[in-house]
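J.: Structure: coords.csv, CSV, N, CA and C atoms.
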```csv
chain,number,residue,atom,x,y,z
K,48,MET,N,0.9,-1.2,0.0
K,48,MET,CA,0.0,0.0,0.0
K,48,MET,C,0.9,1.2,0.0
K,49,LYS,N,0.6,2.2,-0.9
K,49,LYS,CA,1.4,3.4,-1.0
K,49,LYS,C,0.5,4.6,-1.3
K,50,LEU,N,0.9,5.8,-0.9
K,50,LEU,CA,0.2,7.0,-1.1
K,50,LEU,C,0.8,7.7,-2.3
K,51,GLU,N,-0.1,8.1,-3.2
K,51,GLU,CA,0.4,8.7,-4.5
K,51,GLU,C,-0.6,9.8,-4.9
K,52,ASN,N,-0.1,10.9,-5.5
K,52,ASN,CA,-0.9,11.9,-6.2
K,52,ASN,C,-1.0,11.4,-7.6
K,53,ILE,N,-2.2,11.1,-8.1
K,53,ILE,CA,-2.4,10.5,-9.4
K,53,ILE,C,-3.3,11.5,-10.2
K,54,PRO,N,-2.9,11.8,-11.5
K,54,PRO,CA,-3.8,12.6,-12.4
K,54,PRO,C,-5.1,12.0,-12.5
K,55,LEU,N,-6.2,12.9,-12.5
K,55,LEU,CA,-7.5,12.4,-12.7
K,55,LEU,C,-7.8,11.6,-13.9
K,56,ASP,N,-7.1,12.0,-15.0
K,56,ASP,CA,-7.3,11.3,-16.3
K,56,ASP,C,-6.7,9.9,-16.4
K,57,GLN,N,-6.0,9.5,-15.3
K,57,GLN,CA,-5.5,8.1,-15.2
K,57,GLN,C,-6.3,7.2,-14.3
K,58,ILE,N,-7.5,7.7,-13.9
K,58,ILE,CA,-8.3,7.0,-12.9
K,58,ILE,C,-9.7,6.8,-13.5
K,59,ASP,N,-10.2,5.5,-13.4
K,59,ASP,CA,-11.5,5.2,-13.9
K,59,ASP,C,-12.4,4.9,-12.7
K,60,THR,N,-13.7,5.2,-12.8
K,60,THR,CA,-14.7,4.7,-11.8
K,60,THR,C,-15.0,3.3,-12.1
K,61,ALA,N,-15.3,2.6,-11.1
K,61,ALA,CA,-15.5,1.1,-11.2
K,61,ALA,C,-17.0,0.8,-11.6
K,62,LYS,N,-17.1,-0.3,-12.4
K,62,LYS,CA,-18.4,-0.8,-12.8
K,62,LYS,C,-19.1,-1.5,-11.6
K,63,PHE,N,-18.3,-1.9,-10.7
K,63,PHE,CA,-18.8,-2.6,-9.5
K,63,PHE,C,-19.1,-1.8,-8.3
K,64,ASN,N,-19.0,-0.4,-8.5
K,64,ASN,CA,-19.3,0.4,-7.3
K,64,ASN,C,-20.6,0.1,-6.7
K,65,ALA,N,-20.6,-0.2,-5.4
K,65,ALA,CA,-21.8,-0.5,-4.7
K,65,ALA,C,-22.8,0.6,-4.6
K,66,ARG,N,-22.3,1.9,-4.6
K,66,ARG,CA,-23.2,3.0,-4.6
K,66,ARG,C,-23.4,3.5,-6.0
K,67,ASN,N,-24.7,3.4,-6.5
K,67,ASN,CA,-25.0,3.9,-7.8
K,67,ASN,C,-26.0,5.0,-7.9
K,68,HIS,N,-26.9,5.0,-6.9
K,68,HIS,CA,-28.0,6.0,-6.9
K,68,HIS,C,-27.6,7.2,-6.2
K,69,SER,N,-28.0,8.3,-6.7
K,69,SER,CA,-27.8,9.7,-6.1
K,69,SER,C,-26.3,9.9,-5.9
K,70,ILE,N,-25.4,9.4,-6.7
K,70,ILE,CA,-24.0,9.5,-6.5
K,70,ILE,C,-23.5,11.0,-6.7
K,71,ASN,N,-24.3,11.7,-7.5
K,71,ASN,CA,-23.9,13.1,-7.8
K,71,ASN,C,-24.6,14.1,-6.8
K,72,VAL,N,-25.5,13.7,-6.0
K,72,VAL,CA,-26.2,14.6,-5.1
K,72,VAL,C,-25.2,15.2,-4.1
K,73,GLY,N,-25.1,16.5,-4.0
K,73,GLY,CA,-24.3,17.1,-3.1
K,73,GLY,C,-22.8,17.3,-3.5
K,74,ILE,N,-22.5,17.0,-4.8
K,74,ILE,CA,-21.1,17.0,-5.2
K,74,ILE,C,-20.6,18.5,-5.1
K,75,GLU,N,-21.4,19.5,-5.5
K,75,GLU,CA,-20.9,20.8,-5.4
K,75,GLU,C,-20.6,21.2,-3.9
K,76,GLU,N,-21.4,20.8,-3.0
K,76,GLU,CA,-21.1,21.1,-1.6
K,76,GLU,C,-19.9,20.3,-1.1
K,77,LEU,N,-19.7,19.1,-1.5
K,77,LEU,CA,-18.5,18.3,-1.2
K,77,LEU,C,-17.3,19.0,-1.8
K,78,ALA,N,-17.4,19.5,-3.0
K,78,ALA,CA,-16.3,20.2,-3.7
K,78,ALA,C,-16.0,21.5,-3.0
K,79,ALA,N,-17.0,22.2,-2.5
K,79,ALA,CA,-16.7,23.4,-1.7
K,79,ALA,C,-15.9,23.1,-0.4
K,80,ASN,N,-16.3,22.0,0.2
K,80,ASN,CA,-15.5,21.6,1.4
K,80,ASN,C,-14.1,21.2,1.1
K,81,VAL,N,-13.9,20.5,0.0
K,81,VAL,CA,-12.6,20.1,-0.4
K,81,VAL,C,-11.7,21.3,-0.7
K,82,LYS,N,-12.4,22.3,-1.4
K,82,LYS,CA,-11.6,23.5,-1.8
K,82,LYS,C,-11.2,24.3,-0.5
K,83,ALA,N,-12.1,24.3,0.4
K,83,ALA,CA,-11.9,25.1,1.7
K,83,ALA,C,-10.9,24.4,2.6
K,84,LEU,N,-11.0,23.1,2.7
K,84,LEU,CA,-10.3,22.3,3.8
K,84,LEU,C,-9.2,21.4,3.2
K,85,GLY,N,-9.3,21.1,1.9
K,85,GLY,CA,-8.4,20.1,1.4
K,85,GLY,C,-9.0,18.7,1.4
K,86,LEU,N,-8.4,17.8,0.8
K,86,LEU,CA,-8.9,16.4,0.8
K,86,LEU,C,-8.5,15.8,2.2
K,87,VAL,N,-9.5,15.5,3.0
K,87,VAL,CA,-9.2,15.0,4.3
K,87,VAL,C,-8.9,13.5,4.3
K,88,GLN,N,-9.5,12.8,3.4
K,88,GLN,CA,-9.3,11.3,3.3
K,88,GLN,C,-9.0,11.0,1.8
K,89,PRO,N,-7.8,10.4,1.5
K,89,PRO,CA,-7.5,10.0,0.1
K,89,PRO,C,-8.5,9.0,-0.4
K,90,ILE,N,-8.6,8.9,-1.7
K,90,ILE,CA,-9.4,7.8,-2.3
K,90,ILE,C,-8.5,6.5,-2.3
K,91,THR,N,-9.2,5.4,-2.4
K,91,THR,CA,-8.5,4.1,-2.5
K,91,THR,C,-8.6,3.6,-3.9
K,92,VAL,N,-7.5,3.2,-4.6
K,92,VAL,CA,-7.5,2.7,-5.9
K,92,VAL,C,-6.6,1.5,-6.0
K,93,TYR,N,-6.8,0.7,-7.1
K,93,TYR,CA,-5.8,-0.3,-7.5
K,93,TYR,C,-5.4,-0.1,-8.9
K,94,GLN,N,-4.3,-0.6,-9.4
K,94,GLN,CA,-3.9,-0.5,-10.8
K,94,GLN,C,-4.3,-1.8,-11.5
K,95,ASP,N,-5.2,-1.6,-12.5
K,95,ASP,CA,-5.7,-2.7,-13.3
K,95,ASP,C,-4.5,-3.4,-14.0
K,96,SER,N,-4.5,-4.7,-13.8
K,96,SER,CA,-3.3,-5.5,-14.4
K,96,SER,C,-3.4,-5.5,-15.9
K,97,LYS,N,-4.5,-5.3,-16.5
K,97,LYS,CA,-4.7,-5.4,-18.0
K,97,LYS,C,-4.3,-4.1,-18.6
K,98,ASP,N,-4.9,-3.0,-18.2
K,98,ASP,CA,-4.6,-1.7,-19.0
K,98,ASP,C,-3.8,-0.7,-18.2
K,99,LYS,N,-3.4,-1.1,-17.0
K,99,LYS,CA,-2.5,-0.3,-16.1
K,99,LYS,C,-3.1,1.0,-15.6
K,100,ARG,N,-4.4,1.2,-15.8
K,100,ARG,CA,-5.1,2.4,-15.3
K,100,ARG,C,-5.5,2.1,-13.9
K,101,TYR,N,-5.8,3.2,-13.2
K,101,TYR,CA,-6.2,3.0,-11.8
K,101,TYR,C,-7.7,3.0,-11.7
K,102,VAL,N,-8.2,2.2,-10.8
K,102,VAL,CA,-9.7,2.0,-10.6
K,102,VAL,C,-10.0,2.3,-9.2
K,103,ILE,N,-11.1,3.1,-9.0
K,103,ILE,CA,-11.5,3.5,-7.7
K,103,ILE,C,-12.2,2.3,-6.9
K,104,LEU,N,-11.8,2.1,-5.7
K,104,LEU,CA,-12.5,1.1,-4.8
K,104,LEU,C,-13.3,1.9,-3.8
K,105,ASP,N,-12.8,3.0,-3.3
K,105,ASP,CA,-13.4,3.8,-2.3
K,105,ASP,C,-13.1,5.3,-2.6
K,106,GLY,N,-14.2,6.1,-2.7
K,106,GLY,CA,-14.0,7.5,-2.8
K,106,GLY,C,-14.4,8.1,-4.1
K,107,GLN,N,-15.4,7.5,-4.7
K,107,GLN,CA,-15.9,8.0,-6.0
K,107,GLN,C,-16.5,9.4,-5.9
K,108,ARG,N,-17.2,9.7,-4.8
K,108,ARG,CA,-17.7,11.1,-4.7
K,108,ARG,C,-16.6,12.1,-4.5
K,109,ARG,N,-15.6,11.8,-3.8
K,109,ARG,CA,-14.4,12.7,-3.6
K,109,ARG,C,-13.8,12.9,-5.0
K,110,TYR,N,-13.7,11.8,-5.8
K,110,TYR,CA,-13.1,11.9,-7.1
K,110,TYR,C,-14.0,12.8,-8.0
K,111,LEU,N,-15.3,12.7,-7.9
K,111,LEU,CA,-16.2,13.5,-8.7
K,111,LEU,C,-16.1,15.0,-8.3
K,112,ALA,N,-15.9,15.2,-7.0
K,112,ALA,CA,-15.8,16.6,-6.5
K,112,ALA,C,-14.5,17.2,-7.1
K,113,TYR,N,-13.4,16.4,-7.1
K,113,TYR,CA,-12.2,16.9,-7.8
K,113,TYR,C,-12.4,17.2,-9.2
K,114,HIS,N,-13.1,16.4,-9.9
K,114,HIS,CA,-13.4,16.6,-11.3
K,114,HIS,C,-14.2,18.0,-11.5
K,115,PHE,N,-15.2,18.2,-10.6
K,115,PHE,CA,-15.9,19.4,-10.6
K,115,PHE,C,-15.0,20.6,-10.4
K,116,LEU,N,-14.1,20.5,-9.4
K,116,LEU,CA,-13.2,21.6,-9.1
K,116,LEU,C,-12.2,21.8,-10.2
K,117,ASN,N,-11.7,20.7,-10.8
K,117,ASN,CA,-10.7,20.9,-11.9
K,117,ASN,C,-11.4,21.6,-13.1
K,118,GLU,N,-12.7,21.3,-13.4
K,118,GLU,CA,-13.3,22.0,-14.4
K,118,GLU,C,-13.6,23.5,-14.1
K,119,LYS,N,-13.9,23.8,-12.8
K,119,LYS,CA,-14.2,25.1,-12.4
K,119,LYS,C,-13.0,26.0,-12.2
K,120,TYR,N,-11.9,25.3,-11.7
K,120,TYR,CA,-10.6,26.0,-11.5
K,120,TYR,C,-9.5,25.3,-12.2
K,121,PRO,N,-9.4,25.4,-13.5
K,121,PRO,CA,-8.5,24.5,-14.2
K,121,PRO,C,-7.0,24.8,-14.0
K,122,ASN,N,-6.7,25.9,-13.5
K,122,ASN,CA,-5.2,26.3,-13.3
K,122,ASN,C,-4.8,26.1,-11.8
K,123,GLU,N,-5.7,25.5,-11.0
K,123,GLU,CA,-5.3,25.2,-9.6
K,123,GLU,C,-4.9,23.8,-9.5
K,124,VAL,N,-4.9,23.2,-8.3
K,124,VAL,CA,-4.2,21.9,-8.0
K,124,VAL,C,-5.2,20.8,-8.0
K,125,PHE,N,-6.3,20.9,-8.8
K,125,PHE,CA,-7.3,19.8,-8.7
K,125,PHE,C,-7.2,18.8,-9.9
K,126,ASP,N,-6.1,18.8,-10.6
K,126,ASP,CA,-5.9,17.8,-11.7
K,126,ASP,C,-5.3,16.5,-11.2
K,127,LYS,N,-4.9,16.5,-10.0
K,127,LYS,CA,-4.4,15.2,-9.4
K,127,LYS,C,-5.1,15.1,-8.0
K,128,ILE,N,-5.2,13.8,-7.6
K,128,ILE,CA,-5.9,13.5,-6.3
K,128,ILE,C,-5.0,12.6,-5.5
K,129,GLN,N,-5.0,12.8,-4.2
K,129,GLN,CA,-4.2,11.9,-3.3
K,129,GLN,C,-5.0,10.5,-3.2
K,130,THR,N,-4.2,9.5,-3.4
K,130,THR,CA,-4.8,8.1,-3.4
K,130,THR,C,-3.9,7.2,-2.6
K,131,VAL,N,-4.6,6.2,-2.0
K,131,VAL,CA,-4.0,5.0,-1.4
K,131,VAL,C,-4.1,4.0,-2.5
K,132,VAL,N,-2.9,3.5,-2.9
K,132,VAL,CA,-2.9,2.5,-4.0
K,132,VAL,C,-2.6,1.1,-3.3
K,133,ILE,N,-3.6,0.2,-3.5
K,133,ILE,CA,-3.5,-1.1,-2.9
K,133,ILE,C,-3.3,-2.2,-4.0
K,134,PRO,N,-2.9,-3.3,-3.7
K,134,PRO,CA,-2.8,-4.4,-4.7
K,134,PRO,C,-4.2,-4.7,-5.3
K,135,GLU,N,-4.2,-5.1,-6.6
K,135,GLU,CA,-5.5,-5.4,-7.2
K,135,GLU,C,-6.1,-6.6,-6.6
K,136,PRO,N,-7.4,-6.4,-6.1
K,136,PRO,CA,-8.1,-7.6,-5.6
K,136,PRO,C,-8.2,-8.6,-6.7
K,137,GLU,N,-8.2,-9.9,-6.3
K,137,GLU,CA,-8.1,-11.0,-7.3
K,137,GLU,C,-9.4,-11.2,-8.0
K,138,THR,N,-10.6,-11.0,-7.3
K,138,THR,CA,-11.8,-11.4,-8.0
K,138,THR,C,-12.8,-10.2,-8.0
K,139,TYR,N,-13.8,-10.3,-8.8
K,139,TYR,CA,-14.8,-9.3,-8.9
K,139,TYR,C,-15.5,-9.2,-7.5
K,140,GLU,N,-15.8,-10.3,-6.9
K,140,GLU,CA,-16.5,-10.3,-5.6
K,140,GLU,C,-15.7,-9.6,-4.6
K,141,GLU,N,-14.4,-9.7,-4.6
K,141,GLU,CA,-13.5,-9.0,-3.6
K,141,GLU,C,-13.7,-7.5,-3.8
K,142,LYS,N,-13.6,-7.1,-5.1
K,142,LYS,CA,-13.8,-5.7,-5.4
K,142,LYS,C,-15.1,-5.1,-5.0
K,143,LEU,N,-16.2,-5.9,-5.2
K,143,LEU,CA,-17.5,-5.5,-4.8
K,143,LEU,C,-17.6,-5.4,-3.3
K,144,ALA,N,-17.0,-6.4,-2.6
K,144,ALA,CA,-17.1,-6.4,-1.2
K,144,ALA,C,-16.4,-5.2,-0.6
K,145,ILE,N,-15.2,-4.8,-1.1
K,145,ILE,CA,-14.5,-3.6,-0.6
K,145,ILE,C,-15.4,-2.4,-0.8
K,146,SER,N,-16.0,-2.3,-2.0
K,146,SER,CA,-16.8,-1.1,-2.3
K,146,SER,C,-18.0,-1.1,-1.4
K,147,LEU,N,-18.6,-2.2,-1.1
K,147,LEU,CA,-19.8,-2.3,-0.2
K,147,LEU,C,-19.4,-1.9,1.2
K,148,ALA,N,-18.3,-2.5,1.7
K,148,ALA,CA,-17.8,-2.2,3.0
K,148,ALA,C,-17.5,-0.7,3.2
K,149,SER,N,-16.9,-0.1,2.2
K,149,SER,CA,-16.6,1.3,2.4
K,149,SER,C,-17.8,2.2,2.3
K,150,ASN,N,-18.8,1.8,1.7
K,150,ASN,CA,-20.1,2.6,1.6
K,150,ASN,C,-21.1,2.3,2.7
K,151,THR,N,-20.9,1.3,3.5
K,151,THR,CA,-21.9,1.0,4.5
K,151,THR,C,-21.3,1.2,5.9
K,152,GLU,N,-20.0,1.4,6.0
K,152,GLU,CA,-19.4,1.5,7.4
K,152,GLU,C,-19.6,2.9,8.0
K,153,LEU,N,-20.1,3.9,7.2
K,153,LEU,CA,-20.2,5.2,7.7
K,153,LEU,C,-21.3,5.3,8.7
K,154,LEU,N,-21.0,6.0,9.8
K,154,LEU,CA,-22.0,6.2,10.8
K,154,LEU,C,-22.4,7.7,10.8
K,155,GLU,N,-23.7,7.9,10.7
K,155,GLU,CA,-24.2,9.3,10.7
K,155,GLU,C,-23.9,10.0,12.0
K,156,MET,N,-23.5,11.2,12.0
K,156,MET,CA,-23.3,12.0,13.2
K,156,MET,C,-24.6,12.2,13.9
K,157,LYS,N,-24.6,12.2,15.2
K,157,LYS,CA,-25.7,12.5,16.0
K,157,LYS,C,-25.9,14.0,16.0
K,158,ARG,N,-27.2,14.4,16.0
K,158,ARG,CA,-27.5,15.8,16.0
K,158,ARG,C,-26.9,16.6,17.1
K,159,GLN,N,-26.8,16.0,18.3
K,159,GLN,CA,-26.2,16.8,19.4
K,159,GLN,C,-24.7,17.0,19.2
K,160,ASP,N,-24.0,16.0,18.5
K,160,ASP,CA,-22.6,16.2,18.3
K,160,ASP,C,-22.4,17.4,17.3
K,161,ILE,N,-23.3,17.5,16.3
K,161,ILE,CA,-23.2,18.5,15.3
K,161,ILE,C,-23.5,19.9,16.0
K,162,VAL,N,-24.5,19.9,16.8
K,162,VAL,CA,-24.9,21.2,17.5
K,162,VAL,C,-23.7,21.6,18.4
K,163,LYS,N,-23.1,20.7,19.1
K,163,LYS,CA,-22.0,21.1,19.9
K,163,LYS,C,-20.8,21.7,19.2
K,164,VAL,N,-20.5,21.1,18.0
K,164,VAL,CA,-19.4,21.7,17.2
K,164,VAL,C,-19.8,23.1,16.7
K,165,VAL,N,-21.0,23.2,16.1
K,165,VAL,CA,-21.4,24.4,15.6
K,165,VAL,C,-21.5,25.5,16.7
K,166,ASN,N,-21.9,25.2,17.9
K,166,ASN,CA,-21.9,26.1,19.0
K,166,ASN,C,-20.5,26.6,19.3
K,167,GLU,N,-19.5,25.6,19.3
K,167,GLU,CA,-18.1,26.0,19.6
K,167,GLU,C,-17.6,27.0,18.5
K,168,PHE,N,-18.0,26.8,17.3
K,168,PHE,CA,-17.6,27.8,16.2
K,168,PHE,C,-18.3,29.1,16.4
K,169,TRP,N,-19.6,29.0,16.8
K,169,TRP,CA,-20.4,30.3,17.0
K,169,TRP,C,-19.8,31.1,18.1
K,170,ASP,N,-19.4,30.4,19.3
K,170,ASP,CA,-18.9,31.0,20.4
K,170,ASP,C,-17.5,31.7,20.1
K,171,LYS,N,-16.7,31.0,19.2
K,171,LYS,CA,-15.4,31.5,18.9
K,171,LYS,C,-15.5,32.7,17.9
K,172,TYR,N,-16.3,32.5,16.9
K,172,TYR,CA,-16.2,33.4,15.7
K,172,TYR,C,-17.4,34.4,15.6
K,173,ASN,N,-18.4,34.3,16.5
K,173,ASN,CA,-19.5,35.2,16.4
K,173,ASN,C,-19.2,36.6,16.8
K,174,ASN,N,-18.3,36.8,17.7
K,174,ASN,CA,-18.0,38.1,18.2
K,174,ASN,C,-16.8,38.7,17.4
K,175,TYR,N,-17.1,39.7,16.6
K,175,TYR,CA,-16.1,40.3,15.7
K,175,TYR,C,-15.6,41.6,16.3
K,176,LYS,N,-15.8,41.9,17.5
K,176,LYS,CA,-15.4,43.2,18.1
K,176,LYS,C,-13.9,43.2,18.3
```
Can the structure in the file be given as structure tokens, please?
T.:
Amino acid sequence: MKLENIPLDQIDTAKFNARNHSINVGIEELAANVKALGLVQPITVYQDSKDKRYVILDGQRRYLAYHFLNEKYPNEVFDKIQTVVIPEPETYEEKLAISLASNTELLEMKRQDIVKVVNEFWDKYNNYK
């Protein structure tokens, strides 16, 4: 496993991606977060043994956000994305299982946790005196 910055045009989305519906919903908002804060979590890819292109296992929405940013800001740093490159899974089923696991392991934040953090920011930045 290694960390690399890979050009977007060398990466393909997977046919086996477990998440297919509403994949583009909220991409502009995600892109705004990436532009403001940077990429917090790299995407996970493998290099296809047949055509040597990279294929996304985890992080397709982050990849789409980078595409959006690269189109909107072509002369900035959004033409490459930070990736974790892992060995190619041996079977289709392994690829699908990794995609499924990465899309179902997310735990939604509790409302009280969100409110607490927003209140901390409000307390710190609300007073502009």
J.: Using only N, CA and C atoms, find the one residue out of K:Ala78, K:Ile53, K:Ser146, K:Lys157 that sits nearest to Leu111 (chain K).
T.: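 Comparing K:Ala78, K:Ile53, K:Ser146, K:Lys157 against Leu111 (chain K), the winner is K:Ala78.
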J.: Mind dumping a table of every region 82-114 of chain K residue within 8 Å of region 70-77 of chain K, with the nearest atom pair and its distance in Å to one decimal, using all atoms listed in the file, sorted by chain and rising number, as CSV?
T.:
```
residue,atom,partner,partner_atom,distance
K:Lys82,N,K:Leu77,C,5.9
K:Ala83,N,K:Leu77,C,7.7
K:Gln107,C,K:Ile70,C,7.2
K:Arg108,CA,K:Ile70,C,6.1
K:Arg109,CA,K:Leu77,C,7.2
K:Leu111,C,K:Ile74,CA,6.2
K:Ala112,CA,K:Ile74,C,5.3
K:Tyr113,N,K:Leu77,C,7.1
```
J.: Kindly give the distance, in Å, that separates CA of Pro136 (chain K) and CA of His114 (chain K), rounded to a single decimal.
T.: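 CA of Pro136 (chain K) sits 25.4 Å away from CA of His114 (chain K).
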J.: If you count all atoms listed in the file, which residues fall within 7 Å of Gln57 (chain K), apart from same-chain ones fewer than 3 positions away, as a list in words?
T.: Ile53, Pro54, Arg100, Tyr101 and Val102 of chain K
J.: Could you please determine the separation between atom N of Lys49 (chain K) and atom N of Ile133 (chain K) in Å, to one decimal place?
T.: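 Going from atom N of Lys49 (chain K) over to atom N of Ile133 (chain K) covers 5.3 Å.
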J.: Rounded to one decimal in Å, what is the spacing between atom N of Glu51 (chain K) and atom C of Glu123 (chain K)?
T.: 17.6 Å
J.: Using only C-alpha atoms for the distances, tell me which of K:Ala61, K:Val132, K:Val124, K:Met48 is nearest to Ile90 (chain K).
T.: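 Smallest distance to Ile90 (chain K) is found for K:Val132.
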J.: Between K:Leu116, K:Ala148, K:Val164, K:Leu50, which is the closest to Tyr93 (chain K) once you count only C-alpha atoms?
T.: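 Among K:Leu116, K:Ala148, K:Val164, K:Leu50, it is K:Leu50 that comes nearest to Tyr93 (chain K).
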J.: Run DSSP on the backbone and give me the residues of chain K it puts in alpha helix (DSSP H), as an MDAnalysis selection string.
T.: chainID K and resid 74:84 107:119 139:151 158:172
